[in-house]
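Here's the structure we're looking at; comments come further down.
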Amino acid sequence: MPLFPLNNNDLSDIRLIASDVDGTLTHNGKFSSDFISTLLDLQSAGIKVLLVTGRSAGWVSALVNYLPVSGAIAENGGLFLQPNGQQNLLSSIPNISRHRILLENAFHYIKQKFPHLQTSTDNQFRITDWTFDVNDLSTDNIQAISSQCQQMGWSFTYSNVQCHIKPPHQDKATGLDAVLKNHFPELNSQQVLTIGDSPNDEAMFNPAKFPVSVGVANVRHYQDKMLHLPKYMTHDSEFAGFQELAQLLLKNSVLDDRM
């Protein structure tokens with residue numbers, strides 16, 4: 001499937017960007033000096049930014065408090081956090097304490113076959129999923145772990161940073177769809193743009209759910225491992241790719257104001 005360069009065809013009416021964080025808004029794992037100014041420029045143009053990340057509820061609650069964003073979905077569709085401090089569970093988990101125990105048991109079962117696995121540093125701040133570091137896991141390792149999770153009744157995904165053991169049907173697209181319907185009902189699908197860089201963003205690239213999707217250039221590392229690919233591709237990788245998109249959207253916004 002070809003990945004088309006960014007153009008104005010689908011971008012003229014975008015009002016919300018649903019963006020992954022690591023590898024999409026970061027550069028070498030950090031926010032750059034012009035990151036917040038880019039968010040503020042989009043905000044001034046009337047374009048909302050919603051973070052959609054695999055990072056933990058704890059980490060994301062800090063991000064949504066400090067950054068000029070309209071909210072954040074954490075743990076790959078597990079929770080929605082708002083700047084006003086409200087937090088909504090998006091997955092059905094009747095007993096969180098028991099849920100955490102079951103997730104940890106699943107991790108230790110997987111670790112019997114892969115003893116070098118290390119729990120991620122932010123795992124203690126999680127509610128809906130369990131994560132461990134990707135490190136040097138091969139494609140075959142990833143597939144084997146995914147199969148083990150399915151056999152235990154869990155789903156699995158991974159990014160450029162972490163592997164996630166999570167409830168069935170919990171993914172970024174399902175969480176994003178629920179948040180859009182409940183908190184942004186004024187927007188239609190053509191006004192929402194999704195952007196990401198890795199397999200845990202794949203659900204947001206599904207054209208049946210989100211017809212306007214973008215991959216920053218580093219998504220090419222995973223394109224042979226994904227069923228759904230983004231419609232468009234930036235020239236640049238990581239935050240430079242997001243900035244490329246933002247500049248095009250801001251240019252369109254200026255042109256609209258002049259008309």
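Naming works like this for the structure tokens: A, B, ... for the chains as they're shown, residue 1 at the start of each chain, ligands 1 onward in shown order.
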Residues near A:Ser32, cut-off 8 Å, only C-alpha atoms, skip fewer than 4 positions along chain, as a ChimeraX atom specification | /A:26-27,239
Using N, CA and C atoms, can you export the residues from the last selection as a tab-separated table (two decimals), in the first residue's frame?
chain	number	residue	atom	x	y	z
A	26	THR	N	7.89	13.50	20.32
A	26	THR	CA	9.22	13.58	20.92
A	26	THR	C	10.31	13.52	19.86
A	27	HIS	N	11.50	13.93	20.25
A	27	HIS	CA	12.70	13.78	19.42
A	27	HIS	C	13.77	13.13	20.28
A	239	PHE	N	9.11	14.35	16.04
A	239	PHE	CA	8.42	15.63	16.19
A	239	PHE	C	8.56	16.51	14.95
Based on DSSP run over this structure's backbone, return all residues of stretch 146-233 of chain A in helix (DSSP H, G or I), as a VMD selection string.
-> chain A and resid 146 to 151 172 to 183 189 to 191 199 to 205 217 to 225
Dump N, CA and C atoms for the selected residues as a short mmCIF file (atom, residue, chain, number, x, y, z; two decimals), in the first residue's frame?
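Saved the output as again-v7.cif:
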data_model
loop_
_atom_site.label_atom_id
_atom_site.label_comp_id
_atom_site.auth_asym_id
_atom_site.auth_seq_id
_atom_site.Cartn_x
_atom_site.Cartn_y
_atom_site.Cartn_z
N SER A 146 2.69 -12.27 21.89
CA SER A 146 1.32 -11.94 21.52
C SER A 146 0.42 -13.18 21.57
N SER A 147 0.93 -14.30 21.08
CA SER A 147 0.16 -15.56 21.11
C SER A 147 -0.10 -16.02 22.54
N GLN A 148 0.92 -15.88 23.40
CA GLN A 148 0.75 -16.25 24.80
C GLN A 148 -0.34 -15.41 25.46
N CYS A 149 -0.35 -14.12 25.17
CA CYS A 149 -1.37 -13.23 25.74
C CYS A 149 -2.76 -13.64 25.28
N GLN A 150 -2.92 -13.93 24.00
CA GLN A 150 -4.22 -14.34 23.48
C GLN A 150 -4.69 -15.63 24.13
N GLN A 151 -3.78 -16.56 24.35
CA GLN A 151 -4.14 -17.82 24.99
C GLN A 151 -4.62 -17.61 26.43
N LYS A 172 -6.34 2.11 21.03
CA LYS A 172 -6.42 3.55 20.89
C LYS A 172 -7.66 3.99 20.11
N ALA A 173 -8.02 3.24 19.08
CA ALA A 173 -9.17 3.63 18.26
C ALA A 173 -10.47 3.52 19.03
N THR A 174 -10.64 2.44 19.79
CA THR A 174 -11.87 2.26 20.57
C THR A 174 -12.00 3.35 21.62
N GLY A 175 -10.89 3.64 22.31
CA GLY A 175 -10.92 4.71 23.30
C GLY A 175 -11.17 6.06 22.68
N LEU A 176 -10.50 6.34 21.57
CA LEU A 176 -10.66 7.62 20.89
C LEU A 176 -12.08 7.81 20.39
N ASP A 177 -12.66 6.76 19.83
CA ASP A 177 -14.03 6.83 19.33
C ASP A 177 -15.00 7.19 20.45
N ALA A 178 -14.83 6.56 21.62
CA ALA A 178 -15.71 6.84 22.76
C ALA A 178 -15.54 8.28 23.24
N VAL A 179 -14.30 8.75 23.31
CA VAL A 179 -14.03 10.11 23.78
C VAL A 179 -14.60 11.14 22.81
N LEU A 180 -14.45 10.91 21.52
CA LEU A 180 -14.99 11.85 20.53
C LEU A 180 -16.51 11.95 20.63
N LYS A 181 -17.18 10.82 20.78
CA LYS A 181 -18.64 10.82 20.86
C LYS A 181 -19.14 11.50 22.12
N ASN A 182 -18.44 11.29 23.24
CA ASN A 182 -18.91 11.81 24.52
C ASN A 182 -18.45 13.23 24.82
N HIS A 183 -17.29 13.62 24.29
CA HIS A 183 -16.72 14.91 24.67
C HIS A 183 -16.54 15.88 23.50
N SER A 189 -16.02 12.78 11.31
CA SER A 189 -14.79 12.01 11.08
C SER A 189 -13.80 12.74 10.19
N GLN A 190 -14.27 13.58 9.29
CA GLN A 190 -13.38 14.31 8.39
C GLN A 190 -12.70 15.49 9.07
N GLN A 191 -13.13 15.81 10.29
CA GLN A 191 -12.52 16.91 11.03
C GLN A 191 -11.51 16.43 12.06
N PRO A 199 3.21 0.25 15.82
CA PRO A 199 2.08 -0.68 15.80
C PRO A 199 0.96 -0.39 16.81
N ASN A 200 1.27 0.25 17.95
CA ASN A 200 0.18 0.52 18.87
C ASN A 200 -0.67 1.70 18.41
N ASP A 201 -0.30 2.34 17.30
CA ASP A 201 -1.13 3.37 16.67
C ASP A 201 -1.95 2.80 15.51
N GLU A 202 -1.73 1.53 15.20
CA GLU A 202 -2.34 0.94 14.00
C GLU A 202 -3.85 1.07 13.98
N ALA A 203 -4.51 0.89 15.13
CA ALA A 203 -5.97 0.98 15.17
C ALA A 203 -6.46 2.36 14.74
N MET A 204 -5.66 3.40 15.01
CA MET A 204 -6.04 4.75 14.61
C MET A 204 -5.81 5.01 13.11
N PHE A 205 -5.15 4.06 12.45
CA PHE A 205 -4.93 4.18 11.00
C PHE A 205 -6.01 3.46 10.20
N ALA A 217 7.51 9.85 9.59
CA ALA A 217 8.30 9.00 8.69
C ALA A 217 8.86 7.75 9.35
N ASN A 218 9.09 7.79 10.66
CA ASN A 218 9.65 6.60 11.32
C ASN A 218 8.68 5.44 11.41
N VAL A 219 7.42 5.63 11.01
CA VAL A 219 6.48 4.51 10.97
C VAL A 219 6.90 3.49 9.91
N ARG A 220 7.74 3.91 8.98
CA ARG A 220 8.20 2.98 7.94
C ARG A 220 8.92 1.76 8.53
N HIS A 221 9.50 1.91 9.72
CA HIS A 221 10.20 0.79 10.35
C HIS A 221 9.26 -0.39 10.61
N TYR A 222 7.96 -0.11 10.69
CA TYR A 222 6.99 -1.14 11.09
C TYR A 222 5.97 -1.47 10.00
N GLN A 223 6.08 -0.85 8.82
CA GLN A 223 4.98 -0.96 7.86
C GLN A 223 4.75 -2.38 7.36
N ASP A 224 5.77 -3.24 7.40
CA ASP A 224 5.57 -4.63 6.98
C ASP A 224 4.99 -5.49 8.11
N LYS A 225 4.77 -4.89 9.28
CA LYS A 225 4.23 -5.62 10.43
C LYS A 225 2.83 -5.16 10.79
#
Find, counting only C-alpha atoms, the residue in A:Pro115, A:Pro68, A:Arg55, A:Ile93 that gets nearest to A:Cys163.
->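 The answer is A:Arg55, which sits nearest to A:Cys163.
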Polymer residues at most 12 Å from A:Asp133, only C-alpha atoms, same-chain spacing of 5 or more positions, as a PyMOL selection string = chain A and resi 107+116-123+142+157-165
Restricting it to C-alpha atoms, dump the selection as a compact mmCIF listing (two decimals), in the first residue's frame.
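Writing the result to out.txt gives the following:
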# COMPACT_ATOMS: atom_id res chain seq x y z
CA PHE A 107 3.57 -11.06 32.88
CA HIS A 116 15.28 -11.16 30.52
CA LEU A 117 12.05 -9.11 30.32
CA GLN A 118 12.03 -6.00 32.50
CA THR A 119 8.90 -4.28 33.84
CA SER A 120 8.69 -0.69 32.57
CA THR A 121 9.54 2.09 34.99
CA ASP A 122 6.07 3.64 34.75
CA ASN A 123 4.23 0.37 35.41
CA ILE A 142 6.92 -10.33 19.77
CA THR A 157 0.48 -4.48 21.43
CA TYR A 158 3.85 -2.77 21.34
CA SER A 159 5.47 0.52 20.43
CA ASN A 160 9.01 1.78 19.98
CA VAL A 161 9.23 1.92 23.80
CA GLN A 162 7.07 -0.70 25.50
CA CYS A 163 5.08 -3.90 25.20
CA HIS A 164 1.55 -3.87 26.62
CA ILE A 165 -0.56 -6.65 28.11
Run DSSP on the backbone of this structure and report the residues of stretch 26-190 of chain A it assigns to strand (DSSP E), as number ranges by chain.
-> A: 48-52, 71-74, 79-81, 87-89, 130-133, 155-158, 162-166
Length of the atom CA of A:Ile17 to atom CA of A:Asn135 vector [Å] |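 Separating atom CA of A:Ile17 from atom CA of A:Asn135 is a distance of 29.5 Å.
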Shortest interatomic distance to A:Val49 - which of A:Thr128, A:Thr194, A:Asn28, A:Ser92, counting only C-alpha atoms |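 Distance minimum relative to A:Val49 lands on A:Thr194.
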Within 6 Å of A:Leu16 using only C-alpha atoms, minus same-chain residues under 4 positions, as JSON, numbers by chain | {"A": [47, 48, 49, 192]}
Write out, as a JSON list (two decimals), in the first residue's frame, the residues just selected, with C-alpha atoms.
[["chain", "number", "residue", "atom", "x", "y", "z"],
["A", 47, "ILE", "CA", -7.21, 23.17, 16.18],
["A", 48, "LYS", "CA", -7.44, 21.00, 19.30],
["A", 49, "VAL", "CA", -4.76, 18.46, 20.19],
["A", 192, "VAL", "CA", -10.39, 14.52, 13.09]]
Tell me which protein, DNA and RNA residues are within 7 Å of stretch 229-232 of chain A, counting only C-alpha atoms, leaving out same-chain ones fewer than 6 positions away, and put them as a list in words.
-> Leu3, Phe4, Pro5, Leu6, Glu202, Phe205, Val212, Ser213, Val214, Gly215 and Gln223 of chain A
Write out as number ranges by chain the residues lying within 9 Å of A:Ile127, counting only C-alpha atoms and excluding same-chain residues fewer than 4 positions away.
-> A: 56-58, 75, 78-79, 96-97, 99-100, 123
So that I have them on file, write out the residues from the current selection with N, CA and C atoms, as a PDB file, in the first residue's frame.
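Okay, this is what ended up in result_36.pdb:
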ATOM      1  N   SER A  56       1.407   5.589  30.977  1.00  0.00           N
ATOM      2  CA  SER A  56       0.567   5.297  32.131  1.00  0.00           C
ATOM      3  C   SER A  56      -0.323   6.466  32.526  1.00  0.00           C
ATOM      4  N   ALA A  57      -1.380   6.137  33.286  1.00  0.00           N
ATOM      5  CA  ALA A  57      -2.281   7.164  33.808  1.00  0.00           C
ATOM      6  C   ALA A  57      -1.515   8.195  34.626  1.00  0.00           C
ATOM      7  N   GLY A  58      -0.530   7.743  35.413  1.00  0.00           N
ATOM      8  CA  GLY A  58       0.244   8.657  36.246  1.00  0.00           C
ATOM      9  C   GLY A  58       1.032   9.660  35.436  1.00  0.00           C
ATOM     10  N   GLU A  75      -2.774   4.729  28.329  1.00  0.00           N
ATOM     11  CA  GLU A  75      -2.750   3.263  28.379  1.00  0.00           C
ATOM     12  C   GLU A  75      -3.470   2.619  27.183  1.00  0.00           C
ATOM     13  N   GLY A  78      -7.231   3.029  27.622  1.00  0.00           N
ATOM     14  CA  GLY A  78      -7.743   2.606  28.923  1.00  0.00           C
ATOM     15  C   GLY A  78      -8.468   3.680  29.701  1.00  0.00           C
ATOM     16  N   LEU A  79      -7.959   4.924  29.623  1.00  0.00           N
ATOM     17  CA  LEU A  79      -8.532   6.010  30.411  1.00  0.00           C
ATOM     18  C   LEU A  79      -8.507   7.315  29.632  1.00  0.00           C
ATOM     19  N   ILE A  96     -10.343  -3.278  40.140  1.00  0.00           N
ATOM     20  CA  ILE A  96      -9.022  -2.877  39.653  1.00  0.00           C
ATOM     21  C   ILE A  96      -7.898  -3.614  40.380  1.00  0.00           C
ATOM     22  N   SER A  97      -8.042  -3.817  41.680  1.00  0.00           N
ATOM     23  CA  SER A  97      -6.992  -4.513  42.441  1.00  0.00           C
ATOM     24  C   SER A  97      -6.789  -5.927  41.917  1.00  0.00           C
ATOM     25  N   HIS A  99      -7.674  -6.984  38.994  1.00  0.00           N
ATOM     26  CA  HIS A  99      -7.215  -6.820  37.616  1.00  0.00           C
ATOM     27  C   HIS A  99      -5.697  -6.680  37.566  1.00  0.00           C
ATOM     28  N   ARG A 100      -5.126  -5.877  38.470  1.00  0.00           N
ATOM     29  CA  ARG A 100      -3.676  -5.688  38.505  1.00  0.00           C
ATOM     30  C   ARG A 100      -2.954  -6.998  38.838  1.00  0.00           C
ATOM     31  N   ASN A 123       5.267   1.369  35.195  1.00  0.00           N
ATOM     32  CA  ASN A 123       4.226   0.370  35.413  1.00  0.00           C
ATOM     33  C   ASN A 123       3.487   0.575  36.739  1.00  0.00           C
TER      34      ASN A 123
END
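Every protein or nucleic acid residue with an atom no more than 9 Å from A:Leu40, counting only C-alpha atoms and leaving out same-chain residues fewer than 5 positions away, appears here: Phe35, Ala45, Pro68 and Val69 of chain A.
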Written selection (N, CA and C atoms) as a PDB file, in the first residue's frame:
ATOM      1  N   PHE A  35       8.289  22.534  20.966  1.00  0.00           N
ATOM      2  CA  PHE A  35       7.127  21.660  21.093  1.00  0.00           C
ATOM      3  C   PHE A  35       5.903  22.428  21.607  1.00  0.00           C
ATOM      4  N   ALA A  45      -5.161  28.667  16.388  1.00  0.00           N
ATOM      5  CA  ALA A  45      -5.839  28.491  15.102  1.00  0.00           C
ATOM      6  C   ALA A  45      -7.146  27.713  15.236  1.00  0.00           C
ATOM      7  N   PRO A  68      -0.752  22.576  26.776  1.00  0.00           N
ATOM      8  CA  PRO A  68      -1.954  23.178  26.185  1.00  0.00           C
ATOM      9  C   PRO A  68      -2.661  22.197  25.243  1.00  0.00           C
ATOM     10  N   VAL A  69      -3.274  21.175  25.835  1.00  0.00           N
ATOM     11  CA  VAL A  69      -4.005  20.157  25.076  1.00  0.00           C
ATOM     12  C   VAL A  69      -5.431  20.060  25.603  1.00  0.00           C
TER      13      VAL A  69
END
Minimum-distance residue to A:Gln86, chosen among A:Leu102, A:Val64, A:Ser155, A:Leu137 (using only C-alpha atoms) |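 Using only C-alpha atoms, the shortest distance to A:Gln86 belongs to A:Val64.
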